[in-house]
There are 2 protein chains.
Amino acid sequence: MNGADALVDTLLAGGVDVCFANPGTSEMHFVAALDKRPAMRCVLGLFEGVVTGAADGYARMADKPAATLMHLGPGLANGLANVHNARRANSPMLNIVGDHATYHLAHDAPLTSDIETLARPMSHWVRTTKRAEDVSADAAAAIAEARRAPGRIATLILPADAAWNEAPSRIATPAPPAPRRKVDAAHIKAAVAAIRSGKRTTLMLSNVALRADALETASRIAQATGVRLIAQQSNARTERGAGRVAIERVPYPVHQALDALKDVEQLIAIGAKPPVAFFAYPGKPSVMTPPGCHIQQLAEPDDDLGHALAWLADELGVAKSLKPELNPRKNLPLPTGPLNQDAISRAVAALMPEHAIVCDESVSSGRNFFSYTHGAAPHDYLQLTGGAIGLGLPLAVGAAIACPDRKIISLQADGSGMYTNQALWTEARETLDIVTIIFSNRAYAILRHEFASVGAGRPGHNASRMLDIDEPALDWVKIAAGMGVEAVRATTAEEFTKALQGAAGRRGPFLIEAVL
Amino acid sequence: MNGADALVDTLLAGGVDVCFANPGTSEMHFVAALDKRPAMRCVLGLFEGVVTGAADGYARMADKPAATLMHLGPGLANGLANVHNARRANSPMLNIVGDHATYHLAHDAPLTSDIETLARPMSHWVRTTKRAEDVSADAAAAIAEARRAPGRIATLILPADAAWNEAPSRIATPAPPAPRRKVDAAHIKAAVAAIRSGKRTTLMLSNVALRADALETASRIAQATGVRLIAQQSNARTERGAGRVAIERVPYPVHQALDALKDVEQLIAIGAKPPVAFFAYPGKPSVMTPPGCHIQQLAEPDDDLGHALAWLADELGVAKSLKPELNPRKNLPLPTGPLNQDAISRAVAALMPEHAIVCDESVSSGRNFFSYTHGAAPHDYLQLTGGAIGLGLPLAVGAAIACPDRKIISLQADGSGMYTNQALWTEARETLDIVTIIFSNRAYAILRHEFASVGAGRPGHNASRMLDIDEPALDWVKIAAGMGVEAVRATTAEEFTKALQGAAGRRGPFLIEAVL
């Protein structure tokens with residue numbers, strides 16, 4: 001048994017049985033070890049951003065880490081943007097990054113770089129395993145780190161000789177994940193006092209407080225006390241739709257966020273970060289709550305949020321018999337006429353199957369999605385959490401691997417979809433049940449708004465050349481077909497609806513280019 | 001005038017008049033500043049790997065830096081793999097990375113990350129400009145750093161408020177590039193003594209020692225003294241073909257490299273790194289020269305290599321009248337029959353126009369290219385220098401922007417081409433004169449060799465799923481068409497030749513998928 005064998009055995013012992021990979025020469029022993037262990041599912045991404053984004057999507061739906069496999073510093077660098085998103089989503093992730101043999105590093109061969117330094121900004125934990133005999137213990141430590149609530153990024157760097165040298169056959173067993181921490185009684189007491197003070201109070205939720213059960217508890221508190229619920233602007237996973245609790249999010253545009261929060265006197269954060277602007281703008285505030293608003297962090301993302309909400313409900317004396325307010329099922333008519341964002345949201349709301357998983361990287365195009373889908377079939381809603389575009393298509397891949405029996409609906413802006421378009425190939429290779437909807441507006445539309453908002457007026461030649469992607473227009477039907485994914489173009493609501501009906505009634509990857 | 005205006009004016013004052021960009025919200029003031037200055041050519045890449053790879057290609061051909069524009073830490077991360085390649089190519093490059101406004105960082109908004117730490121492993125120089133009044137001086141310093149011989153990576157981080165705040169209108173003038181350093185007389189003396197010792201001596205060249213003039217001097221030395229010439233395995237730019245000096249490179253496979261160097265008693269490196277294995281392998285050496293071989297570093301990459309060679313020739317008493325040995329023009333017959341690597345090399349050798357620029361990321365598929373093209377039309381040959389795949393297509397973009405009157409021939413492996421396929425869109429948008437040849441073997445062929453070389457036998461299910469990319473087969477004709485580039489597929493030598501003849505006879509981007 002060599003170090004690579006020990007690594008894969010340790011992964012499997014720790015319940016890590018999916019590996020999203022783009023290996024290189026220095027990882028060939030690891031590939032050989034995977035080859036001997038069919039219990040490990042290996043999923044190839046044709047670019048590392050696909051690998052890490054898929055691991056994020058997998059973790060959000062499986063509530064456990066996948067492994068990634070990447071090739072030295074540049075391979076890791078290619079994956080870092082989506083590791084950043086995963087970190088912001090509190091997703092557990094175990095990155096394995098191959099490196100040169102330890103003794104080869106001194107020769108500064110062309111692919112040599114400082115992998116630890118590259119890994120650190122996006123990882124909670126980084127370690128280089130220098131000897132084959134340490135591989136299993138280090139991998140077990142990495143798994144334990146990745147599984148620490150609320151989910152952490154562990155990056156294990158594996159030099160080629162640590163993989164190929166002989167290792168002891170004793171495999172370390174990763175420590176089981178510790179239960180989430182219970183919040184302090186003092187925090188609950190303070191929240192109760194705040195809510196009872198009569199001031200206008202908002203409970204701001206994120207992380208697992210947006211799962212159905214926790215949201216029901218929050219809804220009961222809201223009904224009993226009159227507090228308002230709001231979700232963080234961007235969340236890893238929200239369970240929503242018919243039979244679930246409706247919750248709005250803090251809007252993205254600064255003026256809308258300020259407006260939505262203007263009356264809040266007290267904000268109690270439960271697994272959420274108090275709201276700040278996504279970007280700073282001249283003359284606009286960074287903090288979205290009004291001056292003088294009192295902010296209490298009742299529970300951190302790694303706390304047991306369901307328990308905290310239940311405890312809070314008890315202390316507030318919320319009657320056990322009080323039912324949460326759940327969305328009734330609402331059947332919207334199918335849209336007709338011109339194809340626009342509203343028509344797309346309506347069609348998805350009407351046609352989405354039960355327990356679909358919606359992966360949303362529609363950026364500015366999909367901001368109205370919530371308003372149409374509170375009464376749609378119950379579904380999970382996964383967002384871009386860290387603002388690093390290029391997550392959507394990989395996220396859908398990972399969610400589909402985690403939940404093979406559920407339909408994935410991937411809402412994808414065209415500009416950001418181009419970042420990791422290689423994910424379409426993995427969809428085809430793995431026959432994943434994903435409908436991708438490309439919002440084809442042929443521009444970085446969000447940047448057109450931002451350009452106007454800096455007071456620069458109408459974009460001239462140089463600015464237009466950087467904000468528009470219409471010359472030439474991307475043909476997503478061809479791009480998808482080039483990677484083995486069947487696709488159609490829709491230019492009217494009727495065409496779109498027909499395409500979505502077709503896609504909903506079959507399994508496997510399908511792409512609809514919605515020309516806006 | 002704000003900080004962004006000052007930055008663009010400083011760039012133009014420093015002769016930096018091309019900006020490869022993928023901007024975001026925090027860079028909108030910079031985009032507005034570019035918009036007011038048509039002297040700056042702005043080239044959009046739909047992914048940051050395109051942006052940095054194009055800046056590398058531009059620098060190699062223009063012998064001066066372009067600017068890049070990227071969006072916070074994740075945008076930079078997406079570009080880092082090709083910054084790594086540029087660093088290994090000693091290309092000058094000036095990265096401008098937008099960041100949140102300085103006062104906004106404390107709020108840890110979703111896109112916040114430690115940009116300086118991310119930048120450092122791939123940059124020679126990193127600075128964050130905190131105030132608008134410092135922008136011009138910092139930009140001038142960055143330009144000076146980028147232009148320092150042999151070419152360096154300067155990364156300037158520009159917080160949004162440093163861009164939007166008022167700046168003084170006085171623009172700093174970047175220091176002109178210092179001339180390359182002359183080598184020490186002692187180094188020349190030692191080299192003369194070594195060459196005269198009668199031991200078997202090899203001059204190993206890289207960097208600007210591979211430009212036509214320097215190579216001619218080296219050739220004259222070789223003829224006068226019997227030393228052998230060899231180039232580094234991978235080089236930023238080699239001037240070669242008919243009327244130029246023939247030089248072989250150190251081969252990539254370890255056994256071939258050891259064999260090529262087995263008789264070397266003395267190696268004199270001129271702008272080159274003494275040869276080491278690209279990767280380590282169990283039981284194989286890291287150093288490619290034989291034990292006991294004496295290695296002298298006559299000149300570093302930042303030295304004046306042409307001067308060093310001329311001085312060495314003088315000290316050796318090489319007769320002024322001695323002519324270099326130049327390749328005669330050799331007209332190869334067009335290939336017929338099955339399409340394979342040899343047929344492609346033959347066809348390119350026969351059909352390449354004068355002063356084409358060949359960008360080679362054919363990886364394992366193109367290793368025979370040199371042997372067929374010593375007598376082809378004179379051309380520049382640009383390689384993957386840092387081993388981070390995904391450089392080829394962007395490199396071609398940058399070379400085409402630098403040399404709009406020259407035909408670019410982009411030799412591209414399929415697996416690595418997928419990494420930055422978005423470059424095809426920039427080819428179409430900018431109507432670049434690039435013929436892309438995809439070596440479509442539908443596998444990470446190099447890894448199949450490597451898998452065998454670790455003794456793992458025949459790949460099983462999991463290994464094949466990570467080494468082959470044939471299920472589904474990529475359709476490059478569709479992918480290219482989807483991004484606006486006309487393309488055809490060739491499956492025989494005749495089809496390939498016909499397609500290449502067509503491409504050679506027209507201007508603008510064209511792609512040939514060569515199915516191997």
# chains A, B, ... in the order shown; residues from 1 in each chain; ligands from 1
>>> select_by_dssp(residues="segment 43-271 of chain B", states="strand (DSSP E)", output="CSV table (one decimal) with all heavy atoms, in the first residue's frame")
chain,number,residue,atom,x,y,z
B,43,VAL,N,-9.4,45.2,-24.8
B,43,VAL,CA,-9.7,43.9,-25.4
B,43,VAL,C,-10.4,43.1,-24.3
B,43,VAL,O,-9.7,42.8,-23.3
B,43,VAL,CB,-8.5,43.2,-25.9
B,43,VAL,CG1,-8.8,41.8,-26.5
B,43,VAL,CG2,-7.8,44.0,-27.0
B,44,LEU,N,-11.6,42.7,-24.5
B,44,LEU,CA,-12.4,41.9,-23.5
B,44,LEU,C,-12.1,40.4,-23.6
B,44,LEU,O,-12.1,39.9,-24.7
B,44,LEU,CB,-13.9,42.2,-23.7
B,44,LEU,CG,-14.8,41.5,-22.7
B,44,LEU,CD1,-14.6,41.9,-21.3
B,44,LEU,CD2,-16.3,41.8,-23.2
B,67,ALA,N,-1.4,46.0,-20.0
B,67,ALA,CA,-2.1,45.9,-18.7
B,67,ALA,C,-3.2,44.9,-18.8
B,67,ALA,O,-3.7,44.5,-19.8
B,67,ALA,CB,-2.8,47.3,-18.5
B,68,THR,N,-3.5,44.3,-17.6
B,68,THR,CA,-4.7,43.5,-17.5
B,68,THR,C,-5.6,44.2,-16.5
B,68,THR,O,-5.1,44.9,-15.7
B,68,THR,CB,-4.3,42.1,-17.0
B,68,THR,OG1,-3.9,42.2,-15.6
B,68,THR,CG2,-3.3,41.4,-17.8
B,69,LEU,N,-6.9,43.9,-16.6
B,69,LEU,CA,-7.8,44.4,-15.6
B,69,LEU,C,-8.7,43.3,-15.1
B,69,LEU,O,-9.3,42.6,-15.9
B,69,LEU,CB,-8.7,45.5,-16.2
B,69,LEU,CG,-9.8,46.1,-15.3
B,69,LEU,CD1,-9.2,46.7,-14.1
B,69,LEU,CD2,-10.6,47.1,-16.1
B,70,MET,N,-8.6,43.0,-13.8
B,70,MET,CA,-9.4,41.9,-13.2
B,70,MET,C,-10.1,42.4,-12.0
B,70,MET,O,-9.8,43.4,-11.4
B,70,MET,CB,-8.4,40.8,-12.9
B,70,MET,CG,-7.9,40.2,-14.2
B,70,MET,SD,-6.7,38.8,-13.9
B,70,MET,CE,-5.2,39.8,-13.5
B,71,HIS,N,-11.1,41.6,-11.6
B,71,HIS,CA,-12.1,41.9,-10.6
B,71,HIS,C,-11.8,41.2,-9.3
B,71,HIS,O,-12.1,40.0,-9.2
B,71,HIS,CB,-13.4,41.6,-11.2
B,71,HIS,CG,-14.6,42.0,-10.4
B,71,HIS,ND1,-14.8,43.2,-9.8
B,71,HIS,CD2,-15.7,41.3,-10.0
B,71,HIS,CE1,-15.9,43.3,-9.2
B,71,HIS,NE2,-16.5,42.1,-9.3
B,93,MET,N,4.4,42.1,-17.4
B,93,MET,CA,3.0,42.2,-17.3
B,93,MET,C,2.6,43.1,-16.2
B,93,MET,O,3.2,43.0,-15.1
B,93,MET,CB,2.4,40.8,-17.1
B,93,MET,CG,0.9,40.7,-17.1
B,93,MET,SD,0.2,39.0,-16.7
B,93,MET,CE,0.8,38.1,-18.1
B,94,LEU,N,1.5,43.9,-16.4
B,94,LEU,CA,1.1,44.8,-15.4
B,94,LEU,C,-0.4,44.5,-15.1
B,94,LEU,O,-1.3,44.8,-15.8
B,94,LEU,CB,1.2,46.2,-15.9
B,94,LEU,CG,1.2,47.3,-14.8
B,94,LEU,CD1,1.5,48.7,-15.5
B,94,LEU,CD2,0.0,47.4,-14.0
B,95,ASN,N,-0.6,43.8,-14.0
B,95,ASN,CA,-2.0,43.4,-13.6
B,95,ASN,C,-2.6,44.5,-12.7
B,95,ASN,O,-2.0,44.9,-11.7
B,95,ASN,CB,-2.0,42.1,-12.8
B,95,ASN,CG,-1.4,41.0,-13.6
B,95,ASN,OD1,-1.8,40.7,-14.7
B,95,ASN,ND2,-0.4,40.3,-13.0
B,96,ILE,N,-3.8,44.9,-13.1
B,96,ILE,CA,-4.5,45.9,-12.2
B,96,ILE,C,-5.7,45.1,-11.7
B,96,ILE,O,-6.5,44.6,-12.5
B,96,ILE,CB,-5.0,47.1,-13.0
B,96,ILE,CG1,-3.7,47.8,-13.5
B,96,ILE,CG2,-5.9,48.0,-12.2
B,96,ILE,CD1,-4.0,48.8,-14.7
B,97,VAL,N,-5.8,45.0,-10.4
B,97,VAL,CA,-6.8,44.2,-9.8
B,97,VAL,C,-7.7,45.2,-8.9
B,97,VAL,O,-7.2,45.8,-8.0
B,97,VAL,CB,-6.2,43.1,-8.9
B,97,VAL,CG1,-7.4,42.2,-8.3
B,97,VAL,CG2,-5.3,42.2,-9.7
B,98,GLY,N,-8.9,45.3,-9.3
B,98,GLY,CA,-9.8,46.1,-8.5
B,98,GLY,C,-10.1,45.5,-7.1
B,98,GLY,O,-10.1,44.3,-7.0
B,99,ASP,N,-10.3,46.3,-6.1
B,99,ASP,CA,-10.7,45.8,-4.8
B,99,ASP,C,-11.9,46.7,-4.3
B,99,ASP,O,-12.1,47.8,-4.8
B,99,ASP,CB,-9.5,45.8,-3.8
B,99,ASP,CG,-9.8,45.0,-2.6
B,99,ASP,OD1,-10.9,44.3,-2.5
B,99,ASP,OD2,-8.9,45.0,-1.7
B,125,TRP,N,6.2,41.7,-7.9
B,125,TRP,CA,5.9,42.9,-7.2
B,125,TRP,C,4.4,43.1,-7.0
B,125,TRP,O,3.7,42.9,-7.9
B,125,TRP,CB,6.5,44.0,-8.1
B,125,TRP,CG,6.4,45.5,-7.6
B,125,TRP,CD1,7.4,46.1,-7.0
B,125,TRP,CD2,5.3,46.4,-7.8
B,125,TRP,NE1,7.0,47.4,-6.7
B,125,TRP,CE2,5.7,47.6,-7.2
B,125,TRP,CE3,4.1,46.3,-8.3
B,125,TRP,CZ2,4.9,48.7,-7.2
B,125,TRP,CZ3,3.2,47.4,-8.3
B,125,TRP,CH2,3.7,48.6,-7.7
B,126,VAL,N,4.0,43.4,-5.8
B,126,VAL,CA,2.6,43.6,-5.5
B,126,VAL,C,2.5,44.9,-4.6
B,126,VAL,O,3.3,45.1,-3.7
B,126,VAL,CB,2.1,42.4,-4.6
B,126,VAL,CG1,0.6,42.6,-4.3
B,126,VAL,CG2,2.2,41.1,-5.4
B,127,ARG,N,1.5,45.7,-5.0
B,127,ARG,CA,1.3,46.9,-4.2
B,127,ARG,C,-0.2,47.2,-4.2
B,127,ARG,O,-0.8,47.1,-5.2
B,127,ARG,CB,2.1,48.1,-4.7
B,127,ARG,CG,2.0,49.3,-3.7
B,127,ARG,CD,2.8,50.5,-4.2
B,127,ARG,NE,4.3,50.2,-4.1
B,127,ARG,CZ,5.2,51.1,-4.5
B,127,ARG,NH1,4.8,52.2,-5.1
B,127,ARG,NH2,6.5,50.8,-4.4
B,128,THR,N,-0.7,47.6,-3.0
B,128,THR,CA,-2.1,48.1,-3.0
B,128,THR,C,-2.0,49.7,-2.8
B,128,THR,O,-1.3,50.2,-1.9
B,128,THR,CB,-2.8,47.6,-1.8
B,128,THR,OG1,-2.9,46.1,-1.9
B,128,THR,CG2,-4.3,48.1,-1.7
B,153,ILE,N,6.4,40.4,-13.4
B,153,ILE,CA,5.0,40.5,-13.2
B,153,ILE,C,4.8,41.5,-12.0
B,153,ILE,O,5.2,41.3,-10.9
B,153,ILE,CB,4.4,39.2,-12.7
B,153,ILE,CG1,4.9,38.0,-13.6
B,153,ILE,CG2,2.9,39.3,-12.6
B,153,ILE,CD1,4.3,38.1,-15.0
B,154,ALA,N,4.1,42.6,-12.4
B,154,ALA,CA,3.8,43.6,-11.4
B,154,ALA,C,2.3,43.6,-11.2
B,154,ALA,O,1.5,43.7,-12.2
B,154,ALA,CB,4.2,45.0,-11.8
B,155,THR,N,1.8,43.6,-10.0
B,155,THR,CA,0.4,43.5,-9.7
B,155,THR,C,0.0,44.7,-8.8
B,155,THR,O,0.5,44.8,-7.7
B,155,THR,CB,0.0,42.2,-9.0
B,155,THR,OG1,0.3,41.1,-9.9
B,155,THR,CG2,-1.5,42.1,-8.7
B,156,LEU,N,-0.8,45.5,-9.3
B,156,LEU,CA,-1.2,46.7,-8.6
B,156,LEU,C,-2.7,46.6,-8.2
B,156,LEU,O,-3.6,46.4,-9.1
B,156,LEU,CB,-1.1,48.0,-9.5
B,156,LEU,CG,-1.4,49.3,-8.9
B,156,LEU,CD1,-0.3,49.7,-7.8
B,156,LEU,CD2,-1.3,50.4,-10.0
B,157,ILE,N,-3.0,46.6,-6.9
B,157,ILE,CA,-4.3,46.5,-6.4
B,157,ILE,C,-4.9,47.9,-6.2
B,157,ILE,O,-4.3,48.7,-5.5
B,157,ILE,CB,-4.3,45.6,-5.1
B,157,ILE,CG1,-3.7,44.2,-5.5
B,157,ILE,CG2,-5.7,45.5,-4.6
B,157,ILE,CD1,-3.3,43.4,-4.2
B,158,LEU,N,-6.1,48.1,-6.8
B,158,LEU,CA,-6.7,49.4,-6.8
B,158,LEU,C,-8.1,49.4,-6.1
B,158,LEU,O,-9.1,49.0,-6.7
B,158,LEU,CB,-6.9,49.8,-8.3
B,158,LEU,CG,-7.4,51.2,-8.6
B,158,LEU,CD1,-6.4,52.3,-8.1
B,158,LEU,CD2,-7.8,51.4,-10.0
B,159,PRO,N,-8.1,49.8,-4.9
B,159,PRO,CA,-9.4,49.9,-4.2
B,159,PRO,C,-10.3,50.9,-4.9
B,159,PRO,O,-9.8,51.9,-5.5
B,159,PRO,CB,-9.0,50.4,-2.8
B,159,PRO,CG,-7.6,50.1,-2.6
B,159,PRO,CD,-7.0,50.2,-4.0
B,201,THR,N,31.4,20.2,-24.6
B,201,THR,CA,30.7,21.4,-24.0
B,201,THR,C,29.4,21.7,-24.8
B,201,THR,O,29.4,21.7,-26.0
B,201,THR,CB,31.6,22.6,-24.1
B,201,THR,OG1,32.8,22.3,-23.4
B,201,THR,CG2,31.0,23.9,-23.5
B,202,THR,N,28.4,22.0,-24.0
B,202,THR,CA,27.1,22.4,-24.7
B,202,THR,C,26.7,23.8,-24.2
B,202,THR,O,26.8,24.1,-23.0
B,202,THR,CB,26.0,21.4,-24.3
B,202,THR,OG1,26.2,20.2,-24.9
B,202,THR,CG2,24.6,21.9,-24.7
B,203,LEU,N,26.4,24.7,-25.1
B,203,LEU,CA,25.8,26.0,-24.7
B,203,LEU,C,24.3,25.8,-24.7
B,203,LEU,O,23.7,25.5,-25.7
B,203,LEU,CB,26.2,27.1,-25.7
B,203,LEU,CG,27.6,27.4,-26.0
B,203,LEU,CD1,27.7,28.7,-26.9
B,203,LEU,CD2,28.4,27.6,-24.7
B,204,MET,N,23.7,26.1,-23.6
B,204,MET,CA,22.3,26.0,-23.4
B,204,MET,C,21.6,27.4,-23.4
B,204,MET,O,22.0,28.2,-22.6
B,204,MET,CB,21.9,25.2,-22.2
B,204,MET,CG,20.4,25.0,-22.0
B,204,MET,SD,20.1,23.9,-20.6
B,204,MET,CE,18.3,24.1,-20.5
B,205,LEU,N,20.7,27.6,-24.3
B,205,LEU,CA,20.2,29.0,-24.6
B,205,LEU,C,18.7,29.1,-24.2
B,205,LEU,O,18.0,28.1,-24.4
B,205,LEU,CB,20.4,29.4,-26.0
B,205,LEU,CG,21.8,29.2,-26.7
B,205,LEU,CD1,21.8,29.6,-28.1
B,205,LEU,CD2,22.9,30.0,-25.9
B,228,ARG,N,28.4,22.4,-28.8
B,228,ARG,CA,27.0,22.1,-29.2
B,228,ARG,C,26.0,23.1,-28.7
B,228,ARG,O,26.2,23.6,-27.6
B,228,ARG,CB,26.7,20.7,-28.7
B,228,ARG,CG,25.4,20.2,-29.1
B,228,ARG,CD,25.3,18.8,-28.3
B,228,ARG,NE,23.9,18.3,-28.4
B,228,ARG,CZ,23.4,17.6,-27.4
B,228,ARG,NH1,24.2,17.2,-26.4
B,228,ARG,NH2,22.2,17.1,-27.5
B,229,LEU,N,25.0,23.4,-29.4
B,229,LEU,CA,24.0,24.3,-29.0
B,229,LEU,C,22.7,23.5,-28.6
B,229,LEU,O,22.4,22.6,-29.4
B,229,LEU,CB,23.6,25.3,-30.0
B,229,LEU,CG,24.7,26.2,-30.6
B,229,LEU,CD1,24.2,27.1,-31.7
B,229,LEU,CD2,25.5,27.0,-29.6
B,230,ILE,N,22.1,23.9,-27.6
B,230,ILE,CA,20.8,23.3,-27.3
B,230,ILE,C,19.9,24.4,-26.6
B,230,ILE,O,20.5,25.3,-25.9
B,230,ILE,CB,20.9,22.0,-26.4
B,230,ILE,CG1,19.6,21.2,-26.5
B,230,ILE,CG2,21.2,22.4,-25.0
B,230,ILE,CD1,19.8,19.8,-26.1
B,231,ALA,N,18.6,24.3,-26.8
B,231,ALA,CA,17.7,25.3,-26.2
B,231,ALA,C,17.1,24.6,-25.0
B,231,ALA,O,16.9,23.4,-24.9
B,231,ALA,CB,16.7,25.8,-27.2
B,238,THR,N,11.2,31.7,-29.8
B,238,THR,CA,12.3,31.3,-30.6
B,238,THR,C,12.1,31.7,-32.0
B,238,THR,O,11.1,31.5,-32.6
B,238,THR,CB,12.5,29.7,-30.5
B,238,THR,OG1,12.5,29.3,-29.2
B,238,THR,CG2,13.7,29.3,-31.2
B,239,GLU,N,13.1,32.4,-32.6
B,239,GLU,CA,13.1,32.8,-34.0
B,239,GLU,C,13.7,31.7,-34.8
B,239,GLU,O,14.9,31.4,-34.6
B,239,GLU,CB,13.8,34.2,-34.2
B,239,GLU,CG,12.9,35.3,-33.5
B,239,GLU,CD,13.5,36.7,-33.7
B,239,GLU,OE1,14.7,36.8,-34.1
B,239,GLU,OE2,12.8,37.7,-33.5
B,240,ARG,N,13.0,31.1,-35.6
B,240,ARG,CA,13.5,29.9,-36.3
B,240,ARG,C,12.9,29.7,-37.7
B,240,ARG,O,12.3,30.6,-38.2
B,240,ARG,CB,13.2,28.6,-35.5
B,240,ARG,CG,11.7,28.4,-35.2
B,240,ARG,CD,11.5,27.3,-34.2
B,240,ARG,NE,12.1,26.0,-34.5
B,240,ARG,CZ,11.6,25.1,-35.4
B,240,ARG,NH1,10.4,25.3,-35.9
B,240,ARG,NH2,12.2,24.0,-35.7
B,266,GLN,N,30.5,19.6,-19.9
B,266,GLN,CA,30.3,21.0,-19.4
B,266,GLN,C,29.1,21.6,-20.1
B,266,GLN,O,28.9,21.5,-21.3
B,266,GLN,CB,31.5,21.8,-19.8
B,266,GLN,CG,32.9,21.3,-19.3
B,266,GLN,CD,34.0,22.2,-19.7
B,266,GLN,OE1,34.7,22.7,-18.8
B,266,GLN,NE2,34.1,22.5,-21.0
B,267,LEU,N,28.3,22.2,-19.2
B,267,LEU,CA,27.1,22.9,-19.8
B,267,LEU,C,27.2,24.4,-19.4
B,267,LEU,O,27.4,24.7,-18.2
B,267,LEU,CB,25.8,22.3,-19.2
B,267,LEU,CG,24.5,22.9,-19.8
B,267,LEU,CD1,23.6,21.7,-20.2
B,267,LEU,CD2,23.8,23.8,-18.8
B,268,ILE,N,27.2,25.2,-20.4
B,268,ILE,CA,27.2,26.7,-20.1
B,268,ILE,C,25.8,27.3,-20.4
B,268,ILE,O,25.4,27.2,-21.6
B,268,ILE,CB,28.3,27.3,-21.0
B,268,ILE,CG1,29.7,26.7,-20.7
B,268,ILE,CG2,28.3,28.8,-20.9
B,268,ILE,CD1,30.8,27.2,-21.6
B,269,ALA,N,25.2,27.8,-19.4
B,269,ALA,CA,23.8,28.3,-19.5
B,269,ALA,C,23.8,29.8,-19.8
B,269,ALA,O,24.5,30.5,-19.2
B,269,ALA,CB,23.0,28.0,-18.3
B,270,ILE,N,23.1,30.1,-20.9
B,270,ILE,CA,23.1,31.5,-21.3
B,270,ILE,C,21.6,31.9,-21.4
B,270,ILE,O,20.9,31.6,-22.3
B,270,ILE,CB,23.7,31.7,-22.7
B,270,ILE,CG1,25.2,31.2,-22.6
B,270,ILE,CG2,23.7,33.1,-23.2
B,270,ILE,CD1,25.9,31.2,-23.9
>>> residues_around(residues="Ala33 of chain B", least_positions_apart="6", cutoff="12 Å", atoms="only C-alpha atoms", output="number ranges by chain")
A: 451, 454-457, 459-463; B: 1-12, 27, 39-40, 42, 163-164
>>> residues_around(residues="Gln223 of chain B", least_positions_apart="5", cutoff="10 Å", atoms="only C-alpha atoms", output="list in words")
Thr217, Ala218, Arg228, Val318, Leu322, Lys323, Pro324 and Glu325 of chain B
>>> residues_around(residues="Ala277 of chain A", least_positions_apart="2", cutoff="8 Å", atoms="only C-alpha atoms", output="PDB file with N, CA and C atoms, in the first residue's frame")
ATOM      1  N   TYR A 252     -30.319  43.044  -3.394  1.00  0.00           N
ATOM      2  CA  TYR A 252     -28.938  43.347  -3.789  1.00  0.00           C
ATOM      3  C   TYR A 252     -28.700  44.845  -4.001  1.00  0.00           C
ATOM      4  N   VAL A 254     -28.351  48.626  -3.469  1.00  0.00           N
ATOM      5  CA  VAL A 254     -28.216  49.320  -2.193  1.00  0.00           C
ATOM      6  C   VAL A 254     -29.484  50.092  -1.833  1.00  0.00           C
ATOM      7  N   PRO A 275     -26.510  42.809   7.500  1.00  0.00           N
ATOM      8  CA  PRO A 275     -26.428  43.158   6.067  1.00  0.00           C
ATOM      9  C   PRO A 275     -25.513  44.338   5.752  1.00  0.00           C
ATOM     10  N   PHE A 279     -21.141  45.924  -2.799  1.00  0.00           N
ATOM     11  CA  PHE A 279     -20.037  46.821  -3.167  1.00  0.00           C
ATOM     12  C   PHE A 279     -20.260  48.173  -2.504  1.00  0.00           C
ATOM     13  N   ALA A 280     -19.189  48.919  -2.327  1.00  0.00           N
ATOM     14  CA  ALA A 280     -19.302  50.299  -1.871  1.00  0.00           C
ATOM     15  C   ALA A 280     -19.551  51.199  -3.081  1.00  0.00           C
ATOM     16  N   PRO A 285     -23.948  54.331   2.042  1.00  0.00           N
ATOM     17  CA  PRO A 285     -23.409  53.632   3.213  1.00  0.00           C
ATOM     18  C   PRO A 285     -22.993  52.194   2.892  1.00  0.00           C
ATOM     19  N   SER A 286     -22.098  51.659   3.718  1.00  0.00           N
ATOM     20  CA  SER A 286     -21.713  50.253   3.621  1.00  0.00           C
ATOM     21  C   SER A 286     -22.681  49.374   4.397  1.00  0.00           C
ATOM     22  N   VAL A 287     -23.207  49.904   5.487  1.00  0.00           N
ATOM     23  CA  VAL A 287     -24.082  49.129   6.361  1.00  0.00           C
ATOM     24  C   VAL A 287     -25.533  49.384   5.956  1.00  0.00           C
ATOM     25  N   MET A 288     -26.300  48.323   5.797  1.00  0.00           N
ATOM     26  CA  MET A 288     -27.650  48.459   5.250  1.00  0.00           C
ATOM     27  C   MET A 288     -28.719  48.686   6.314  1.00  0.00           C
TER      28      MET A 288
ATOM     29  N   ALA B 109     -17.681  42.071   3.005  1.00  0.00           N
ATOM     30  CA  ALA B 109     -18.728  41.786   2.010  1.00  0.00           C
ATOM     31  C   ALA B 109     -18.358  40.501   1.258  1.00  0.00           C
TER      32      ALA B 109
END
>>> closest_residue(among="B:Val477, B:Leu424, B:Ala214, B:Ile446", to="Leu46 of chain B", atoms="only C-alpha atoms")
B:Leu424
